[in-house]
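Visitor: Attaching a single structure in structure tokens format; questions to follow.
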Amino acid sequence: MNPRTSLDPRFSDPKAAPASWPDAAARLAAAEVFWLTTVRPDGRPHVTPLIAVWSEGALHFCTGPDERKARNLADNPSVVLTTGTPTLGEGFDLVVEGEAVRVTDEGRLAGLAEAYVEKYGPDWRFEVREGAFVGDGGTALVFAVAPRTVFGFAKGDPFGQTRWRF
């Protein structure tokens, strides 16, 4: 995965340099909380926090089949996932744009289930059945979002905005 990388000079300090994609991918892998934006059938946005794992070049999240985000994805798979720090003077924020694609392959789901436990601990243990996760909360559909475009926002000295296009 070698995206085209560019620094936007309009939103960057003159001494800023583009952030590297391996650093951004490591931040995606380490982030604990993401905000998922989906689109409701009437066009209004829906935003909700969730957990996700980075695997095989994509962010993966799960949701119950009757939840608002799952219903939105049935009509429109375009999503944005964001993560970062809630401060202005330091940190790094990431915005991932892409399409949520349902994961049903049981081998891949088993690997993702292990990744959830590895990252978030035993409270996030899932079984894999019939192309989905099954846990204490019931059945959860799993989605993968391979990045189409990612924006990285370096905050502090120097401020910088990097874009990666895939």
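We label chains A, B, ... in the order they appear in the structure tokens, count residues from 1 in each chain, and number ligands from 1 in the order shown.
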Give me every strand (DSSP E or B) residue in chain A, going by DSSP on the backbone, as a compact mmCIF listing (two decimals) with N, CA, C and O atoms, in the first residue's frame.

Guide:
# COMPACT_ATOMS: atom_id res chain seq x y z
N ARG A 4 -0.34 8.00 -2.72
CA ARG A 4 0.24 9.29 -3.09
C ARG A 4 0.12 10.21 -1.88
O ARG A 4 -0.97 10.35 -1.32
N THR A 5 1.20 10.81 -1.49
CA THR A 5 1.25 11.65 -0.29
C THR A 5 1.52 13.08 -0.68
O THR A 5 2.40 13.35 -1.49
N SER A 6 0.74 14.00 -0.08
CA SER A 6 0.99 15.42 -0.34
C SER A 6 0.69 16.24 0.91
O SER A 6 -0.17 15.89 1.71
N LEU A 7 1.42 17.32 1.06
CA LEU A 7 1.20 18.28 2.13
C LEU A 7 0.44 19.45 1.53
O LEU A 7 0.83 19.99 0.49
N PHE A 34 -12.87 5.60 17.68
CA PHE A 34 -13.09 6.23 16.39
C PHE A 34 -14.51 6.80 16.38
O PHE A 34 -15.38 6.33 17.10
N TRP A 35 -14.72 7.79 15.53
CA TRP A 35 -16.07 8.33 15.29
C TRP A 35 -16.43 7.95 13.86
O TRP A 35 -15.71 8.28 12.92
N LEU A 36 -17.54 7.23 13.71
CA LEU A 36 -18.01 6.77 12.41
C LEU A 36 -19.14 7.67 11.95
O LEU A 36 -20.11 7.88 12.68
N THR A 37 -19.01 8.18 10.72
CA THR A 37 -20.09 8.97 10.11
C THR A 37 -20.67 8.16 8.95
O THR A 37 -19.94 7.75 8.04
N THR A 38 -21.98 7.94 9.01
CA THR A 38 -22.72 7.31 7.93
C THR A 38 -23.79 8.30 7.47
O THR A 38 -23.96 9.36 8.06
N VAL A 39 -24.52 7.92 6.44
CA VAL A 39 -25.55 8.81 5.88
C VAL A 39 -26.91 8.12 6.01
O VAL A 39 -27.10 7.01 5.52
N PRO A 45 -26.51 13.27 8.18
CA PRO A 45 -25.41 12.46 8.71
C PRO A 45 -25.79 11.83 10.04
O PRO A 45 -26.61 12.34 10.79
N HIS A 46 -25.16 10.71 10.32
CA HIS A 46 -25.28 10.03 11.61
C HIS A 46 -23.85 9.76 12.08
O HIS A 46 -23.05 9.18 11.35
N VAL A 47 -23.52 10.19 13.29
CA VAL A 47 -22.17 10.04 13.83
C VAL A 47 -22.26 9.30 15.16
O VAL A 47 -23.11 9.62 15.99
N THR A 48 -21.37 8.33 15.35
CA THR A 48 -21.34 7.57 16.59
C THR A 48 -19.92 7.11 16.90
O THR A 48 -19.16 6.81 15.98
N PRO A 49 -19.55 7.08 18.18
CA PRO A 49 -18.24 6.54 18.54
C PRO A 49 -18.27 5.02 18.52
O PRO A 49 -19.31 4.41 18.79
N LEU A 50 -17.14 4.41 18.20
CA LEU A 50 -17.01 2.96 18.25
C LEU A 50 -15.55 2.57 18.32
O LEU A 50 -14.67 3.42 18.21
N VAL A 53 -10.44 -2.07 14.61
CA VAL A 53 -9.09 -2.62 14.48
C VAL A 53 -8.60 -2.41 13.05
O VAL A 53 -9.37 -2.46 12.09
N TRP A 54 -7.30 -2.14 12.93
CA TRP A 54 -6.63 -1.99 11.65
C TRP A 54 -6.04 -3.34 11.28
O TRP A 54 -5.25 -3.92 12.04
N SER A 55 -6.42 -3.88 10.14
CA SER A 55 -5.93 -5.18 9.69
C SER A 55 -5.99 -5.24 8.18
O SER A 55 -6.98 -4.80 7.58
N ALA A 58 -7.05 -2.09 6.21
CA ALA A 58 -8.39 -1.52 6.37
C ALA A 58 -8.74 -1.41 7.85
O ALA A 58 -8.24 -2.16 8.68
N LEU A 59 -9.63 -0.47 8.15
CA LEU A 59 -10.22 -0.39 9.47
C LEU A 59 -11.44 -1.30 9.50
O LEU A 59 -12.20 -1.35 8.52
N HIS A 60 -11.64 -2.01 10.60
CA HIS A 60 -12.76 -2.94 10.75
C HIS A 60 -13.55 -2.56 11.99
O HIS A 60 -12.98 -2.34 13.06
N PHE A 61 -14.87 -2.51 11.85
CA PHE A 61 -15.74 -2.25 12.98
C PHE A 61 -16.94 -3.18 12.89
O PHE A 61 -17.19 -3.80 11.85
N CYS A 62 -17.67 -3.29 13.98
CA CYS A 62 -18.85 -4.14 13.97
C CYS A 62 -20.03 -3.39 14.56
O CYS A 62 -19.86 -2.43 15.32
N THR A 63 -21.23 -3.84 14.19
CA THR A 63 -22.47 -3.22 14.65
C THR A 63 -23.61 -4.21 14.54
O THR A 63 -23.58 -5.10 13.68
N SER A 78 -20.84 4.65 1.85
CA SER A 78 -19.82 5.69 2.04
C SER A 78 -19.75 6.10 3.51
O SER A 78 -20.77 6.38 4.13
N VAL A 79 -18.53 6.10 4.05
CA VAL A 79 -18.33 6.43 5.46
C VAL A 79 -17.10 7.31 5.64
O VAL A 79 -16.24 7.41 4.75
N VAL A 80 -17.03 7.90 6.82
CA VAL A 80 -15.83 8.59 7.30
C VAL A 80 -15.59 8.10 8.71
O VAL A 80 -16.51 8.03 9.53
N LEU A 81 -14.35 7.71 8.99
CA LEU A 81 -13.93 7.35 10.35
C LEU A 81 -12.87 8.36 10.78
O LEU A 81 -11.93 8.64 10.02
N THR A 82 -13.02 8.90 11.98
CA THR A 82 -12.05 9.87 12.49
C THR A 82 -11.53 9.41 13.84
O THR A 82 -12.22 8.72 14.60
N THR A 83 -10.31 9.80 14.15
CA THR A 83 -9.69 9.56 15.45
C THR A 83 -8.62 10.60 15.67
O THR A 83 -8.17 11.26 14.73
N GLY A 91 -0.67 16.85 19.17
CA GLY A 91 -1.34 15.62 18.75
C GLY A 91 -1.46 15.50 17.25
O GLY A 91 -0.87 16.27 16.48
N PHE A 92 -2.23 14.51 16.85
CA PHE A 92 -2.39 14.20 15.43
C PHE A 92 -3.78 13.60 15.23
O PHE A 92 -4.16 12.68 15.95
N ASP A 93 -4.54 14.15 14.31
CA ASP A 93 -5.88 13.65 13.99
C ASP A 93 -5.85 12.99 12.62
O ASP A 93 -5.10 13.41 11.73
N LEU A 94 -6.70 11.97 12.46
CA LEU A 94 -6.81 11.26 11.18
C LEU A 94 -8.26 11.16 10.75
O LEU A 94 -9.15 10.91 11.58
N VAL A 95 -8.50 11.36 9.47
CA VAL A 95 -9.82 11.25 8.86
C VAL A 95 -9.70 10.27 7.70
O VAL A 95 -8.95 10.51 6.76
N VAL A 96 -10.43 9.16 7.80
CA VAL A 96 -10.37 8.10 6.80
C VAL A 96 -11.68 8.10 6.03
O VAL A 96 -12.75 7.91 6.61
N GLU A 97 -11.60 8.30 4.72
CA GLU A 97 -12.78 8.23 3.85
C GLU A 97 -12.73 6.93 3.08
O GLU A 97 -11.67 6.53 2.59
N GLY A 98 -13.87 6.27 2.96
CA GLY A 98 -13.91 5.03 2.20
C GLY A 98 -15.31 4.46 2.13
O GLY A 98 -16.30 5.14 2.41
N GLU A 99 -15.36 3.20 1.76
CA GLU A 99 -16.63 2.49 1.62
C GLU A 99 -16.62 1.30 2.57
O GLU A 99 -15.66 0.52 2.59
N ALA A 100 -17.67 1.15 3.36
CA ALA A 100 -17.79 0.03 4.29
C ALA A 100 -18.30 -1.19 3.54
O ALA A 100 -19.37 -1.17 2.95
N VAL A 101 -17.51 -2.26 3.57
CA VAL A 101 -17.83 -3.50 2.88
C VAL A 101 -17.98 -4.60 3.93
O VAL A 101 -17.09 -4.77 4.77
N ARG A 102 -19.07 -5.31 3.88
CA ARG A 102 -19.32 -6.36 4.87
C ARG A 102 -18.30 -7.48 4.72
O ARG A 102 -17.99 -7.92 3.61
N VAL A 103 -17.78 -7.95 5.85
CA VAL A 103 -16.86 -9.09 5.90
C VAL A 103 -17.66 -10.30 6.37
O VAL A 103 -18.25 -10.27 7.45
N GLU A 127 -17.40 -14.92 19.12
CA GLU A 127 -17.41 -16.15 18.34
C GLU A 127 -17.77 -15.76 16.91
O GLU A 127 -18.36 -14.70 16.68
N VAL A 128 -17.43 -16.63 15.98
CA VAL A 128 -17.78 -16.40 14.58
C VAL A 128 -18.81 -17.45 14.18
O VAL A 128 -18.57 -18.65 14.31
N ARG A 129 -19.96 -16.95 13.73
CA ARG A 129 -21.03 -17.84 13.28
C ARG A 129 -21.79 -17.21 12.13
O ARG A 129 -22.14 -16.04 12.20
N ALA A 132 -20.74 -13.66 10.82
CA ALA A 132 -20.85 -12.50 11.72
C ALA A 132 -20.16 -12.81 13.04
O ALA A 132 -19.80 -13.96 13.31
N PHE A 133 -19.99 -11.78 13.86
CA PHE A 133 -19.54 -11.95 15.24
C PHE A 133 -20.77 -12.25 16.10
O PHE A 133 -21.84 -11.69 15.87
N VAL A 134 -20.59 -13.07 17.11
CA VAL A 134 -21.64 -13.32 18.09
C VAL A 134 -21.00 -13.18 19.46
O VAL A 134 -19.97 -13.79 19.75
N GLY A 135 -21.62 -12.34 20.29
CA GLY A 135 -21.10 -12.11 21.63
C GLY A 135 -22.23 -11.88 22.61
O GLY A 135 -23.40 -12.14 22.29
N GLY A 138 -25.25 -10.09 21.37
CA GLY A 138 -25.97 -10.65 20.23
C GLY A 138 -25.09 -10.72 18.99
O GLY A 138 -23.87 -10.79 19.08
N THR A 139 -25.71 -10.66 17.83
CA THR A 139 -25.01 -10.75 16.55
C THR A 139 -24.52 -9.37 16.13
O THR A 139 -25.23 -8.38 16.28
N ALA A 140 -23.31 -9.33 15.58
CA ALA A 140 -22.75 -8.08 15.07
C ALA A 140 -22.21 -8.32 13.66
O ALA A 140 -21.43 -9.25 13.45
N LEU A 141 -22.61 -7.48 12.74
CA LEU A 141 -22.07 -7.50 11.39
C LEU A 141 -20.71 -6.82 11.42
O LEU A 141 -20.52 -5.85 12.15
N VAL A 142 -19.79 -7.31 10.63
CA VAL A 142 -18.43 -6.75 10.59
C VAL A 142 -18.23 -6.09 9.23
O VAL A 142 -18.57 -6.67 8.19
N PHE A 143 -17.65 -4.89 9.27
CA PHE A 143 -17.39 -4.13 8.05
C PHE A 143 -15.92 -3.75 7.97
O PHE A 143 -15.28 -3.48 8.99
N ALA A 144 -15.40 -3.73 6.75
CA ALA A 144 -14.03 -3.27 6.47
C ALA A 144 -14.11 -1.97 5.68
O ALA A 144 -14.93 -1.85 4.76
N VAL A 145 -13.26 -1.01 6.05
CA VAL A 145 -13.17 0.25 5.31
C VAL A 145 -11.73 0.40 4.85
O VAL A 145 -10.84 0.76 5.64
N ALA A 146 -11.49 0.09 3.58
CA ALA A 146 -10.18 0.34 2.99
C ALA A 146 -10.13 1.83 2.64
O ALA A 146 -11.08 2.35 2.04
N PRO A 147 -9.08 2.51 3.03
CA PRO A 147 -9.03 3.96 2.77
C PRO A 147 -9.04 4.28 1.29
O PRO A 147 -8.37 3.63 0.49
N ARG A 148 -9.83 5.28 0.94
CA ARG A 148 -9.79 5.87 -0.40
C ARG A 148 -8.93 7.13 -0.32
O ARG A 148 -8.05 7.35 -1.13
N THR A 149 -9.22 7.95 0.69
CA THR A 149 -8.43 9.15 1.00
C THR A 149 -8.32 9.23 2.51
O THR A 149 -9.28 8.95 3.22
N VAL A 150 -7.14 9.60 2.99
CA VAL A 150 -6.92 9.83 4.41
C VAL A 150 -6.29 11.20 4.57
O VAL A 150 -5.39 11.58 3.81
N PHE A 151 -6.78 11.96 5.55
CA PHE A 151 -6.20 13.24 5.91
C PHE A 151 -5.57 13.11 7.28
O PHE A 151 -6.17 12.53 8.19
N GLY A 152 -4.37 13.65 7.42
CA GLY A 152 -3.69 13.69 8.71
C GLY A 152 -3.45 15.13 9.10
O GLY A 152 -2.98 15.93 8.28
N PHE A 153 -3.79 15.47 10.34
CA PHE A 153 -3.67 16.84 10.83
C PHE A 153 -2.69 16.88 11.99
O PHE A 153 -3.04 16.46 13.10
N ALA A 154 -1.49 17.35 11.73
CA ALA A 154 -0.50 17.54 12.79
C ALA A 154 -0.83 18.84 13.51
O ALA A 154 -1.03 19.87 12.87
N LYS A 155 -0.91 18.78 14.84
CA LYS A 155 -1.29 19.95 15.62
C LYS A 155 -0.12 20.34 16.52
O LYS A 155 0.54 19.50 17.10
N GLY A 160 0.30 20.94 10.29
CA GLY A 160 0.42 20.47 8.92
C GLY A 160 -0.74 19.58 8.54
O GLY A 160 -1.32 18.90 9.39
N GLN A 161 -1.12 19.62 7.26
CA GLN A 161 -2.19 18.76 6.76
C GLN A 161 -1.65 17.90 5.62
O GLN A 161 -1.28 18.42 4.57
N THR A 162 -1.61 16.59 5.87
CA THR A 162 -1.15 15.64 4.87
C THR A 162 -2.35 14.91 4.29
O THR A 162 -3.31 14.62 5.00
N ARG A 163 -2.29 14.64 2.98
CA ARG A 163 -3.34 13.84 2.34
C ARG A 163 -2.67 12.63 1.69
O ARG A 163 -1.65 12.75 1.01
N TRP A 164 -3.31 11.47 1.91
CA TRP A 164 -2.89 10.24 1.25
C TRP A 164 -4.03 9.79 0.37
O TRP A 164 -5.17 9.66 0.82
N ARG A 165 -3.74 9.54 -0.91
CA ARG A 165 -4.75 9.04 -1.85
C ARG A 165 -4.34 7.64 -2.29
O ARG A 165 -3.20 7.40 -2.66

Visitor: Need to verify the contact set: stretch 66-73 of chain A, 6 Å, only C-alpha atoms, exclusion of same-chain residues closer than 3 positions in sequence. Can you return it as a list in words?

Guide: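 The residues satisfying every condition are Val39, Arg40, Asn76 and Pro77 of chain A.
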
Visitor: Store the residues picked out above, limited to N, CA, C and O atoms, as an mmCIF file, in the first residue's frame.

Guide:
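Now in selection39.cif:
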data_model
loop_
_atom_site.group_PDB
_atom_site.id
_atom_site.type_symbol
_atom_site.label_atom_id
_atom_site.label_comp_id
_atom_site.auth_asym_id
_atom_site.auth_seq_id
_atom_site.Cartn_x
_atom_site.Cartn_y
_atom_site.Cartn_z
ATOM 1 N N VAL A 39 -24.520 7.920 6.435
ATOM 2 C CA VAL A 39 -25.554 8.805 5.879
ATOM 3 C C VAL A 39 -26.913 8.125 6.007
ATOM 4 O O VAL A 39 -27.102 7.007 5.522
ATOM 5 N N ARG A 40 -27.856 8.828 6.636
ATOM 6 C CA ARG A 40 -29.218 8.307 6.781
ATOM 7 C C ARG A 40 -29.918 8.319 5.414
ATOM 8 O O ARG A 40 -29.522 9.052 4.517
ATOM 9 N N ASN A 76 -26.245 3.120 1.773
ATOM 10 C CA ASN A 76 -25.130 3.946 1.314
ATOM 11 C C ASN A 76 -23.872 3.534 2.071
ATOM 12 O O ASN A 76 -23.736 3.836 3.260
ATOM 13 N N PRO A 77 -22.929 2.861 1.402
ATOM 14 C CA PRO A 77 -21.742 2.366 2.095
ATOM 15 C C PRO A 77 -20.646 3.418 2.323
ATOM 16 O O PRO A 77 -19.625 3.111 2.936
#

Visitor: Looking at only C-alpha atoms, which of A:Pro158, A:Phe166, A:Asp75, A:Gly89 is the one that sits closest to A:Pro14?

Guide: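 Of all the options, A:Pro158 lies closest to A:Pro14.
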
Visitor: What is the distance, in Å and to one decimal place, between atom CA of A:Glu90 and atom CA of A:Ala52?

Guide: 23.2 Å

Visitor: For the alpha helix (DSSP H) assignment from backbone DSSP, which residues of stretch 15-114 of chain A qualify? Please present them as a list in words.

Guide: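 Here are the alpha helix (DSSP H) residues of stretch 15-114 of chain A: Trp21, Pro22, Asp23, Ala24, Ala25, Ala26, Arg27, Leu28, Ala29, Ala30, Arg68, Lys69, Ala70, Arg71, Asn72, Leu73, Ala74, Asp75, Glu106, Gly107, Arg108, Leu109, Ala110, Gly111, Leu112, Ala113 and Glu114 of chain A.
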
Visitor: Write out as CSV the residues of stretch 102-132 of chain A that have any atom within 12 Å of an atom of stretch 18-32 of chain A, one row each with the nearest atom pair and its distance in Å to one decimal, counting only C-alpha atoms, sorted by chain and then rising number.

Guide:
residue,atom,partner,partner_atom,distance
A:Ala115,CA,A:Ala29,CA,10.4
A:Tyr116,CA,A:Glu32,CA,10.7
A:Glu118,CA,A:Ala30,CA,11.4
A:Lys119,CA,A:Ala30,CA,8.2
A:Tyr120,CA,A:Glu32,CA,7.9
A:Gly121,CA,A:Glu32,CA,11.6

Visitor: Which distance in Å separates atom CA of A:Asp13 and atom CA of A:Thr85, to one decimal?

Guide: 19.3 Å
